[in-house]
file model_8.txt (compact mmCIF, C-alpha atoms and all ligand atoms)
# COMPACT_ATOMS: atom_id res chain seq x y z
CA MET N 1 0.00 0.00 0.00
CA SER N 2 1.52 3.30 -0.99
CA GLY N 3 0.78 6.48 0.90
CA LYS N 4 1.56 10.07 0.14
CA LEU N 5 3.40 12.90 1.75
CA TYR N 6 2.34 16.53 1.50
CA VAL N 7 4.57 19.31 2.80
CA ILE N 8 2.01 22.02 3.51
CA GLY N 9 2.60 25.74 3.93
CA LEU N 10 0.15 27.21 6.45
CA GLY N 11 0.98 30.86 5.72
CA PRO N 12 1.88 33.38 8.44
CA GLY N 13 -1.20 32.77 10.61
CA PRO N 14 -4.72 33.69 9.58
CA ALA N 15 -6.99 31.32 7.65
CA CYS N 16 -7.41 33.90 4.88
CA TRP N 17 -3.72 33.41 4.03
CA LEU N 18 -4.05 29.62 3.75
CA THR N 19 -4.36 28.55 0.10
CA PRO N 20 -7.38 26.50 -1.04
CA GLU N 21 -4.90 23.80 -2.14
CA ALA N 22 -3.42 23.61 1.38
CA SER N 23 -6.93 23.52 2.95
CA ALA N 24 -7.94 20.66 0.67
CA ALA N 25 -4.81 18.69 1.60
CA LEU N 26 -5.51 19.27 5.32
CA GLU N 27 -8.93 17.67 4.76
CA GLU N 28 -7.41 14.71 2.89
CA ILE N 29 -4.58 13.70 5.24
CA THR N 30 -4.79 10.92 7.81
CA ASP N 31 -1.69 12.02 9.76
CA LEU N 32 -0.52 15.50 10.66
CA VAL N 33 3.15 16.00 11.53
CA GLY N 34 4.76 19.23 12.72
CA TYR N 35 6.00 21.58 15.38
CA PHE N 36 3.42 21.96 18.18
CA SER N 37 2.64 25.61 17.46
CA TYR N 38 1.82 24.81 13.82
CA VAL N 39 -0.21 21.63 14.38
CA ASP N 40 -2.14 23.57 17.04
CA ARG N 41 -3.51 25.76 14.25
CA ILE N 42 -5.31 22.78 12.72
CA GLU N 43 -8.79 21.90 13.92
CA PRO N 44 -8.78 18.26 15.14
CA ARG N 45 -11.24 16.00 13.32
CA PRO N 46 -12.18 12.31 13.48
CA GLY N 47 -9.78 10.23 11.41
CA LEU N 48 -6.88 12.66 11.76
CA LYS N 49 -3.97 11.56 13.90
CA ILE N 50 -1.87 14.43 15.18
CA HIS N 51 1.87 13.97 15.78
CA GLY N 52 3.17 17.18 17.40
CA SER N 53 6.87 17.55 18.09
CA ASP N 54 9.27 20.05 19.52
CA ASN N 55 11.12 22.54 17.36
CA ARG N 56 14.69 21.69 16.29
CA VAL N 57 13.92 18.04 15.56
CA GLU N 58 13.10 18.64 11.91
CA LEU N 59 15.03 15.62 10.61
CA ASP N 60 13.50 13.19 13.11
CA ARG N 61 10.09 14.62 12.32
CA SER N 62 10.73 14.22 8.58
CA ARG N 63 11.85 10.61 8.98
CA ALA N 64 8.79 9.82 11.08
CA ALA N 65 6.55 11.36 8.40
CA LEU N 66 8.26 9.43 5.60
CA LYS N 67 7.86 6.16 7.53
CA LEU N 68 4.14 6.85 8.00
CA ALA N 69 3.73 7.55 4.27
CA CYS N 70 5.58 4.31 3.47
CA ALA N 71 3.11 2.50 5.71
CA GLY N 72 0.28 3.78 3.51
CA LYS N 73 -0.81 6.92 5.38
CA ILE N 74 -1.66 10.23 3.73
CA VAL N 75 0.69 12.45 5.69
CA GLY N 76 0.80 16.23 5.96
CA VAL N 77 3.98 17.81 7.27
CA VAL N 78 3.15 21.42 8.12
CA SER N 79 5.28 24.54 8.18
CA GLY N 80 4.43 28.16 8.93
CA GLY N 81 4.61 30.47 5.91
CA ASP N 82 6.04 28.74 2.86
CA PRO N 83 7.44 25.25 3.49
CA GLY N 84 10.31 25.93 1.08
CA VAL N 85 11.59 29.00 2.95
CA PHE N 86 13.81 27.99 5.91
CA ALA N 87 11.35 25.22 6.69
CA MET N 88 10.23 21.62 6.41
CA ALA N 89 10.46 21.04 2.64
CA ALA N 90 14.27 21.09 2.84
CA ALA N 91 14.27 18.92 6.00
CA VAL N 92 12.08 16.29 4.29
CA LEU N 93 14.27 16.29 1.17
CA GLU N 94 17.44 15.98 3.28
CA ALA N 95 15.89 12.94 4.95
CA VAL N 96 14.92 11.47 1.57
CA GLU N 97 18.42 12.02 0.17
CA ASN N 98 20.00 10.13 3.07
CA GLY N 99 17.25 7.58 3.65
CA PRO N 100 16.26 4.17 2.28
CA ASP N 101 15.44 3.79 -1.42
CA GLU N 102 11.73 3.33 -0.77
CA TRP N 103 11.51 6.98 0.38
CA ARG N 104 12.57 8.12 -3.11
CA ALA N 105 9.69 6.15 -4.61
CA LEU N 106 7.10 7.98 -2.46
CA ASP N 107 4.62 10.46 -3.84
CA ILE N 108 5.80 13.77 -2.33
CA GLU N 109 4.05 17.06 -3.00
CA ILE N 110 5.10 20.48 -1.70
CA LEU N 111 2.23 22.95 -1.33
CA PRO N 112 3.41 26.58 -1.23
CA GLY N 113 2.28 29.19 1.25
CA VAL N 114 2.52 32.93 1.83
CA SER N 115 5.93 33.55 3.37
CA ALA N 116 6.45 35.99 6.26
CA MET N 117 8.37 38.45 4.10
CA GLN N 118 5.50 38.69 1.62
CA ALA N 119 2.95 39.22 4.38
CA ALA N 120 5.15 41.84 6.08
CA ALA N 121 5.83 43.61 2.78
CA ALA N 122 2.12 43.74 1.97
CA ARG N 123 1.41 45.53 5.27
CA LEU N 124 3.91 48.28 4.41
CA GLY N 125 3.56 48.94 0.71
CA ALA N 126 6.12 47.59 -1.72
CA PRO N 127 9.45 47.28 0.10
CA LEU N 128 10.36 44.20 -1.98
CA GLY N 129 9.58 45.93 -5.28
CA GLY N 130 13.25 45.84 -6.34
CA ASP N 131 15.82 43.09 -5.90
CA PHE N 132 15.92 41.60 -2.42
CA CYS N 133 17.38 38.69 -0.53
CA ALA N 134 16.34 36.59 2.46
CA ILE N 135 18.81 35.59 5.15
CA SER N 136 18.14 33.46 8.21
CA LEU N 137 20.05 34.87 11.15
CA SER N 138 20.05 31.56 12.98
CA ASP N 139 23.48 30.03 13.39
CA ASN N 140 22.07 26.65 14.46
CA LEU N 141 22.84 25.21 11.02
CA LYS N 142 25.65 27.44 9.72
CA PRO N 143 28.52 29.44 11.18
CA TRP N 144 28.03 33.09 12.19
CA GLU N 145 30.98 34.09 9.94
CA LEU N 146 28.97 32.97 6.91
CA ILE N 147 25.98 35.05 8.03
CA GLU N 148 28.23 38.10 8.35
CA ARG N 149 29.71 37.44 4.91
CA ARG N 150 26.21 37.26 3.39
CA LEU N 151 25.06 40.43 5.18
CA LYS N 152 28.10 42.25 3.78
CA ALA N 153 27.50 40.83 0.30
CA ALA N 154 23.84 41.89 0.47
CA CYS N 155 24.94 45.44 1.33
CA ASP N 156 27.56 45.35 -1.39
CA GLY N 157 24.90 44.29 -3.91
CA ASP N 158 22.46 46.91 -2.55
CA PHE N 159 19.71 44.35 -1.96
CA VAL N 160 16.75 44.88 0.34
CA ILE N 161 17.32 42.34 3.13
CA ALA N 162 14.62 40.21 4.76
CA LEU N 163 15.95 38.74 8.00
CA TYR N 164 14.24 35.56 9.19
CA ASN N 165 14.91 34.05 12.65
CA PRO N 166 16.40 37.35 13.90
CA ALA N 167 16.44 36.36 17.57
CA SER N 168 15.33 33.73 20.03
CA ARG N 169 15.71 33.18 23.75
CA ALA N 170 18.88 31.19 23.05
CA ARG N 171 20.20 33.79 20.56
CA PRO N 172 19.26 37.24 21.85
CA ARG N 173 22.45 39.06 20.79
CA GLN N 174 22.96 38.25 17.11
CA ILE N 175 20.46 40.81 15.84
CA PHE N 176 22.48 43.46 17.74
CA ASP N 177 25.69 42.23 16.04
CA ALA N 178 23.93 42.22 12.67
CA PHE N 179 22.74 45.80 13.18
CA ALA N 180 26.21 46.93 14.24
CA LEU N 181 27.54 45.54 10.96
CA LEU N 182 24.69 46.96 8.85
CA ARG N 183 25.15 50.41 10.42
CA ARG N 184 28.71 50.49 9.14
CA LEU N 185 27.60 49.62 5.62
CA ARG N 186 24.28 51.42 5.03
CA PRO N 187 23.17 55.04 5.63
CA GLU N 188 21.47 55.68 8.95
CA ASN N 189 18.27 56.98 7.30
CA THR N 190 17.73 53.56 5.60
CA PRO N 191 14.14 52.43 6.30
CA VAL N 192 13.95 49.46 8.68
CA VAL N 193 10.84 47.48 9.63
CA PHE N 194 10.20 45.10 12.50
CA ALA N 195 7.11 43.11 11.49
CA ARG N 196 6.04 40.99 14.44
CA ALA N 197 3.38 38.24 14.29
CA VAL N 198 2.01 39.52 10.99
CA GLY N 199 -1.61 38.42 10.51
CA ARG N 200 -2.03 37.36 14.13
CA PRO N 201 -3.94 39.16 16.89
CA ASP N 202 -0.68 40.36 18.47
CA GLU N 203 0.68 41.80 15.21
CA ARG N 204 2.97 44.80 15.70
CA ILE N 205 4.62 46.66 12.85
CA THR N 206 7.38 49.14 13.67
CA LEU N 207 8.72 51.38 10.90
CA THR N 208 11.97 53.11 11.81
CA THR N 209 15.43 53.83 10.42
CA LEU N 210 18.71 52.00 10.65
CA GLY N 211 20.12 54.77 12.82
CA GLU N 212 17.22 54.73 15.30
CA ALA N 213 16.19 51.07 15.27
CA ASP N 214 16.15 49.13 18.52
CA PRO N 215 17.27 45.59 17.59
CA GLY N 216 15.75 44.45 20.89
CA LEU N 217 12.32 44.71 19.20
CA ALA N 218 13.08 41.52 17.28
CA ASP N 219 12.00 38.17 18.68
CA MET N 220 11.37 34.77 17.12
CA SER N 221 8.03 35.95 15.68
CA THR N 222 9.57 38.95 13.92
CA LEU N 223 10.59 39.45 10.32
CA VAL N 224 13.06 42.33 9.92
CA LEU N 225 13.31 44.27 6.67
CA ILE N 226 16.30 46.49 5.91
CA GLY N 227 15.88 48.81 2.94
CA ALA N 228 18.26 49.23 0.01
CA THR N 229 19.54 52.70 -0.95
CA ALA N 230 16.48 53.22 -3.20
CA THR N 231 13.97 52.25 -0.47
CA HIS N 232 12.05 55.29 0.79
CA LEU N 233 8.77 56.43 2.34
CA ILE N 234 5.76 58.01 0.68
CA GLU N 235 4.20 60.28 3.30
CA ARG N 236 0.39 60.51 3.39
CA PRO N 237 -2.07 62.73 5.28
CA ASN N 238 -3.55 60.96 8.34
CA LYS N 239 -2.20 57.60 7.24
CA SER N 240 1.01 55.78 7.95
CA PRO N 241 3.62 56.19 5.21
CA LEU N 242 4.00 53.64 2.43
CA VAL N 243 7.40 51.99 1.97
CA LEU N 244 8.59 51.73 -1.63
CA THR N 245 11.56 50.11 -3.32
CA PRO N 246 11.05 51.15 -6.94
CA ARG N 247 11.40 48.55 -9.68
CA SER N 248 13.80 50.68 -11.69
CA TYR N 249 17.19 51.53 -10.28
CA GLY N 250 18.10 55.20 -10.10
CA ALA N 251 14.46 56.23 -10.74
CA GLU N 252 13.63 59.96 -10.41
CA ARG N 253 11.67 60.83 -7.26
N1 LIG M 1 8.66 29.08 6.43
C1 LIG M 1 8.45 30.34 7.13
C2 LIG M 1 9.72 30.81 7.82
C3 LIG M 1 10.22 29.88 8.91
S1 LIG M 1 11.57 30.53 9.78
C4 LIG M 1 7.94 31.40 6.16
O1 LIG M 1 7.98 31.17 4.95
O2 LIG M 1 7.48 32.44 6.63
C5 LIG M 1 10.73 31.30 11.17
C6 LIG M 1 10.84 32.82 11.05
O3 LIG M 1 9.88 33.29 10.11
C7 LIG M 1 10.53 33.59 12.31
O4 LIG M 1 11.65 33.66 13.18
C8 LIG M 1 10.19 34.96 11.75
O5 LIG M 1 11.38 35.63 11.35
C9 LIG M 1 9.44 34.58 10.47
N2 LIG M 1 7.98 34.55 10.65
C10 LIG M 1 7.18 33.46 10.55
N3 LIG M 1 5.88 33.82 10.73
C11 LIG M 1 5.86 35.17 10.90
C12 LIG M 1 4.83 36.14 11.12
N4 LIG M 1 3.52 35.80 11.15
N5 LIG M 1 5.20 37.43 11.26
C13 LIG M 1 6.50 37.81 11.19
N6 LIG M 1 7.51 36.93 10.98
C14 LIG M 1 7.20 35.63 10.87

call {"tool": "encode", "arguments": {"input": "model_8.txt", "output": "structure tokens"}}
result
Amino acid sequence: MSGKLYVIGLGPGPACWLTPEASAALEEITDLVGYFSYVDRIEPRPGLKIHGSDNRVELDRSRAALKLACAGKIVGVVSGGDPGVFAMAAAVLEAVENGPDEWRALDIEILPGVSAMQAAAARLGAPLGGDFCAISLSDNLKPWELIERRLKAACDGDFVIALYNPASRARPRQIFDAFALLRRLRPENTPVVFARAVGRPDERITLTTLGEADPGLADMSTLVLIGATATHLIERPNKSPLVLTPRSYGAER
């Protein structure tokens, strides 16, 4: 009996940002696998077995999901946002690459979701309208020196930077180190955004500048955006400003 494995993106939080394709898969699966805070978003129903696990055990979780699919289950591995962005799609594929041959024969489908940077950008205007890059600040899986090298390269290339995983209880200082580096490389009036819990009841968006930003605002639910040299604000009467990175470089303002 051959099962199936879906890797499902749940979006940043609210149901309105869950795709119809992801909703349909959540109805179809027999087994739900994921980090507690993501599986908690799914309404339990008869016939659905829920396998919650702690964060940081992505490979174990992936192997468990692949075994269930091999045993004939229709398995959904869930991720917040998009499963391909610093999330479970890569963990599942790493497990497949290093696992038994039968895992390669499985039907695996990755269902995309709205990523945090898209949701954050939509709240602000069009900060990702020009070229941008996404960097995870977590050094759990790569050395800090590499993160610094990529931050410098992003500044050198004048990309807008979306910082995922900017801080956690175990890593409270790195966002301060990242800002110290960025402040040496980008002008202090560069727009900076801390977009916390976008789409959730405790959403908080802080628009500031590189010179004035308090890196302590970032926690594990925050996406940080650092503008490029072309990123600027459009002021509006009685409304918060819009953030724009124009599509054309060197555009007249
Ligand atoms: N796959 C996810 C990212 C996982 S990494 C995605 O595509 O969005 C986890 C990081 O994503 C968090 O530390 C935070 O930086 C960001 N993030 C996830 N959900 C968010 C939300 N609702 N608001 C702001 N940032 C969020």

call {"tool": "closest_residue", "arguments": {"input": "model_8.txt", "among": "N:Leu26, N:Glu102, N:Asp107, N:Phe179", "to": "Asp214 in chain N", "atoms": "only C-alpha atoms"}}
result
N:Phe179

call {"tool": "atom_distance", "arguments": {"input": "model_8.txt", "atom1": "CA of Glu58 in chain N", "atom2": "atom N6 of ligand LIG 1 (chain M)"}}
result
19.1 Å

call {"tool": "atom_distance", "arguments": {"input": "model_8.txt", "atom1": "CA of Val7 in chain N", "atom2": "CA of Ala162 in chain N"}}
result
23.3 Å

call {"tool": "residues_near_ligand", "arguments": {"input": "model_8.txt", "ligand": "ligand LIG 1 (chain M)", "cutoff": "6 Å", "atoms": "all atoms listed in the file", "output": "ChimeraX atom specification"}}
result
/N:12-13,79-83,85-87,115-116,164-166,195-199,220-223

call {"tool": "residues_around", "arguments": {"input": "model_8.txt", "residues": "range 169-178 of chain N", "least_positions_apart": "5", "cutoff": "10 Å", "atoms": "only C-alpha atoms", "output": "number ranges by chain"}}
result
N: 137-140, 144, 147-148, 151-152, 163, 183, 214-220, 224

call {"tool": "decode", "arguments": {"input": "model_8.txt", "residues": "range 72-224 of chain N", "atoms": "C-alpha atoms", "output": "tab-separated table (two decimals), in the first residue's frame"}}
result
chain	number	residue	atom	x	y	z
N	72	GLY	CA	0.28	3.78	3.51
N	73	LYS	CA	-0.81	6.92	5.38
N	74	ILE	CA	-1.66	10.23	3.73
N	75	VAL	CA	0.69	12.45	5.69
N	76	GLY	CA	0.80	16.23	5.96
N	77	VAL	CA	3.98	17.81	7.27
N	78	VAL	CA	3.15	21.42	8.12
N	79	SER	CA	5.28	24.54	8.18
N	80	GLY	CA	4.43	28.16	8.93
N	81	GLY	CA	4.61	30.47	5.91
N	82	ASP	CA	6.04	28.74	2.86
N	83	PRO	CA	7.44	25.25	3.49
N	84	GLY	CA	10.31	25.93	1.08
N	85	VAL	CA	11.59	29.00	2.95
N	86	PHE	CA	13.81	27.99	5.91
N	87	ALA	CA	11.35	25.22	6.69
N	88	MET	CA	10.23	21.62	6.41
N	89	ALA	CA	10.46	21.04	2.64
N	90	ALA	CA	14.27	21.09	2.84
N	91	ALA	CA	14.27	18.92	6.00
N	92	VAL	CA	12.08	16.29	4.29
N	93	LEU	CA	14.27	16.29	1.17
N	94	GLU	CA	17.44	15.98	3.28
N	95	ALA	CA	15.89	12.94	4.95
N	96	VAL	CA	14.92	11.47	1.57
N	97	GLU	CA	18.42	12.02	0.17
N	98	ASN	CA	20.00	10.13	3.07
N	99	GLY	CA	17.25	7.58	3.65
N	100	PRO	CA	16.26	4.17	2.28
N	101	ASP	CA	15.44	3.79	-1.42
N	102	GLU	CA	11.73	3.33	-0.77
N	103	TRP	CA	11.51	6.98	0.38
N	104	ARG	CA	12.57	8.12	-3.11
N	105	ALA	CA	9.69	6.15	-4.61
N	106	LEU	CA	7.10	7.98	-2.46
N	107	ASP	CA	4.62	10.46	-3.84
N	108	ILE	CA	5.80	13.77	-2.33
N	109	GLU	CA	4.05	17.06	-3.00
N	110	ILE	CA	5.10	20.48	-1.70
N	111	LEU	CA	2.23	22.95	-1.33
N	112	PRO	CA	3.41	26.58	-1.23
N	113	GLY	CA	2.28	29.19	1.25
N	114	VAL	CA	2.52	32.93	1.83
N	115	SER	CA	5.93	33.55	3.37
N	116	ALA	CA	6.45	35.99	6.26
N	117	MET	CA	8.37	38.45	4.10
N	118	GLN	CA	5.50	38.69	1.62
N	119	ALA	CA	2.95	39.22	4.38
N	120	ALA	CA	5.15	41.84	6.08
N	121	ALA	CA	5.83	43.61	2.78
N	122	ALA	CA	2.12	43.74	1.97
N	123	ARG	CA	1.41	45.53	5.27
N	124	LEU	CA	3.91	48.28	4.41
N	125	GLY	CA	3.56	48.94	0.71
N	126	ALA	CA	6.12	47.59	-1.72
N	127	PRO	CA	9.45	47.28	0.10
N	128	LEU	CA	10.36	44.20	-1.98
N	129	GLY	CA	9.58	45.93	-5.28
N	130	GLY	CA	13.25	45.84	-6.34
N	131	ASP	CA	15.82	43.09	-5.90
N	132	PHE	CA	15.92	41.60	-2.42
N	133	CYS	CA	17.38	38.69	-0.53
N	134	ALA	CA	16.34	36.59	2.46
N	135	ILE	CA	18.81	35.59	5.15
N	136	SER	CA	18.14	33.46	8.21
N	137	LEU	CA	20.05	34.87	11.15
N	138	SER	CA	20.05	31.56	12.98
N	139	ASP	CA	23.48	30.03	13.39
N	140	ASN	CA	22.07	26.65	14.46
N	141	LEU	CA	22.84	25.21	11.02
N	142	LYS	CA	25.65	27.44	9.72
N	143	PRO	CA	28.52	29.44	11.18
N	144	TRP	CA	28.03	33.09	12.19
N	145	GLU	CA	30.98	34.09	9.94
N	146	LEU	CA	28.97	32.97	6.91
N	147	ILE	CA	25.98	35.05	8.03
N	148	GLU	CA	28.23	38.10	8.35
N	149	ARG	CA	29.71	37.44	4.91
N	150	ARG	CA	26.21	37.26	3.39
N	151	LEU	CA	25.06	40.43	5.18
N	152	LYS	CA	28.10	42.25	3.78
N	153	ALA	CA	27.50	40.83	0.30
N	154	ALA	CA	23.84	41.89	0.47
N	155	CYS	CA	24.94	45.44	1.33
N	156	ASP	CA	27.56	45.35	-1.39
N	157	GLY	CA	24.90	44.29	-3.91
N	158	ASP	CA	22.46	46.91	-2.55
N	159	PHE	CA	19.71	44.35	-1.96
N	160	VAL	CA	16.75	44.88	0.34
N	161	ILE	CA	17.32	42.34	3.13
N	162	ALA	CA	14.62	40.21	4.76
N	163	LEU	CA	15.95	38.74	8.00
N	164	TYR	CA	14.24	35.56	9.19
N	165	ASN	CA	14.91	34.05	12.65
N	166	PRO	CA	16.40	37.35	13.90
N	167	ALA	CA	16.44	36.36	17.57
N	168	SER	CA	15.33	33.73	20.03
N	169	ARG	CA	15.71	33.18	23.75
N	170	ALA	CA	18.88	31.19	23.05
N	171	ARG	CA	20.20	33.79	20.56
N	172	PRO	CA	19.26	37.24	21.85
N	173	ARG	CA	22.45	39.06	20.79
N	174	GLN	CA	22.96	38.25	17.11
N	175	ILE	CA	20.46	40.81	15.84
N	176	PHE	CA	22.48	43.46	17.74
N	177	ASP	CA	25.69	42.23	16.04
N	178	ALA	CA	23.93	42.22	12.67
N	179	PHE	CA	22.74	45.80	13.18
N	180	ALA	CA	26.21	46.93	14.24
N	181	LEU	CA	27.54	45.54	10.96
N	182	LEU	CA	24.69	46.96	8.85
N	183	ARG	CA	25.15	50.41	10.42
N	184	ARG	CA	28.71	50.49	9.14
N	185	LEU	CA	27.60	49.62	5.62
N	186	ARG	CA	24.28	51.42	5.03
N	187	PRO	CA	23.17	55.04	5.63
N	188	GLU	CA	21.47	55.68	8.95
N	189	ASN	CA	18.27	56.98	7.30
N	190	THR	CA	17.73	53.56	5.60
N	191	PRO	CA	14.14	52.43	6.30
N	192	VAL	CA	13.95	49.46	8.68
N	193	VAL	CA	10.84	47.48	9.63
N	194	PHE	CA	10.20	45.10	12.50
N	195	ALA	CA	7.11	43.11	11.49
N	196	ARG	CA	6.04	40.99	14.44
N	197	ALA	CA	3.38	38.24	14.29
N	198	VAL	CA	2.01	39.52	10.99
N	199	GLY	CA	-1.61	38.42	10.51
N	200	ARG	CA	-2.03	37.36	14.13
N	201	PRO	CA	-3.94	39.16	16.89
N	202	ASP	CA	-0.68	40.36	18.47
N	203	GLU	CA	0.68	41.80	15.21
N	204	ARG	CA	2.97	44.80	15.70
N	205	ILE	CA	4.62	46.66	12.85
N	206	THR	CA	7.38	49.14	13.67
N	207	LEU	CA	8.72	51.38	10.90
N	208	THR	CA	11.97	53.11	11.81
N	209	THR	CA	15.43	53.83	10.42
N	210	LEU	CA	18.71	52.00	10.65
N	211	GLY	CA	20.12	54.77	12.82
N	212	GLU	CA	17.22	54.73	15.30
N	213	ALA	CA	16.19	51.07	15.27
N	214	ASP	CA	16.15	49.13	18.52
N	215	PRO	CA	17.27	45.59	17.59
N	216	GLY	CA	15.75	44.45	20.89
N	217	LEU	CA	12.32	44.71	19.20
N	218	ALA	CA	13.08	41.52	17.28
N	219	ASP	CA	12.00	38.17	18.68
N	220	MET	CA	11.37	34.77	17.12
N	221	SER	CA	8.03	35.95	15.68
N	222	THR	CA	9.57	38.95	13.92
N	223	LEU	CA	10.59	39.45	10.32
N	224	VAL	CA	13.06	42.33	9.92
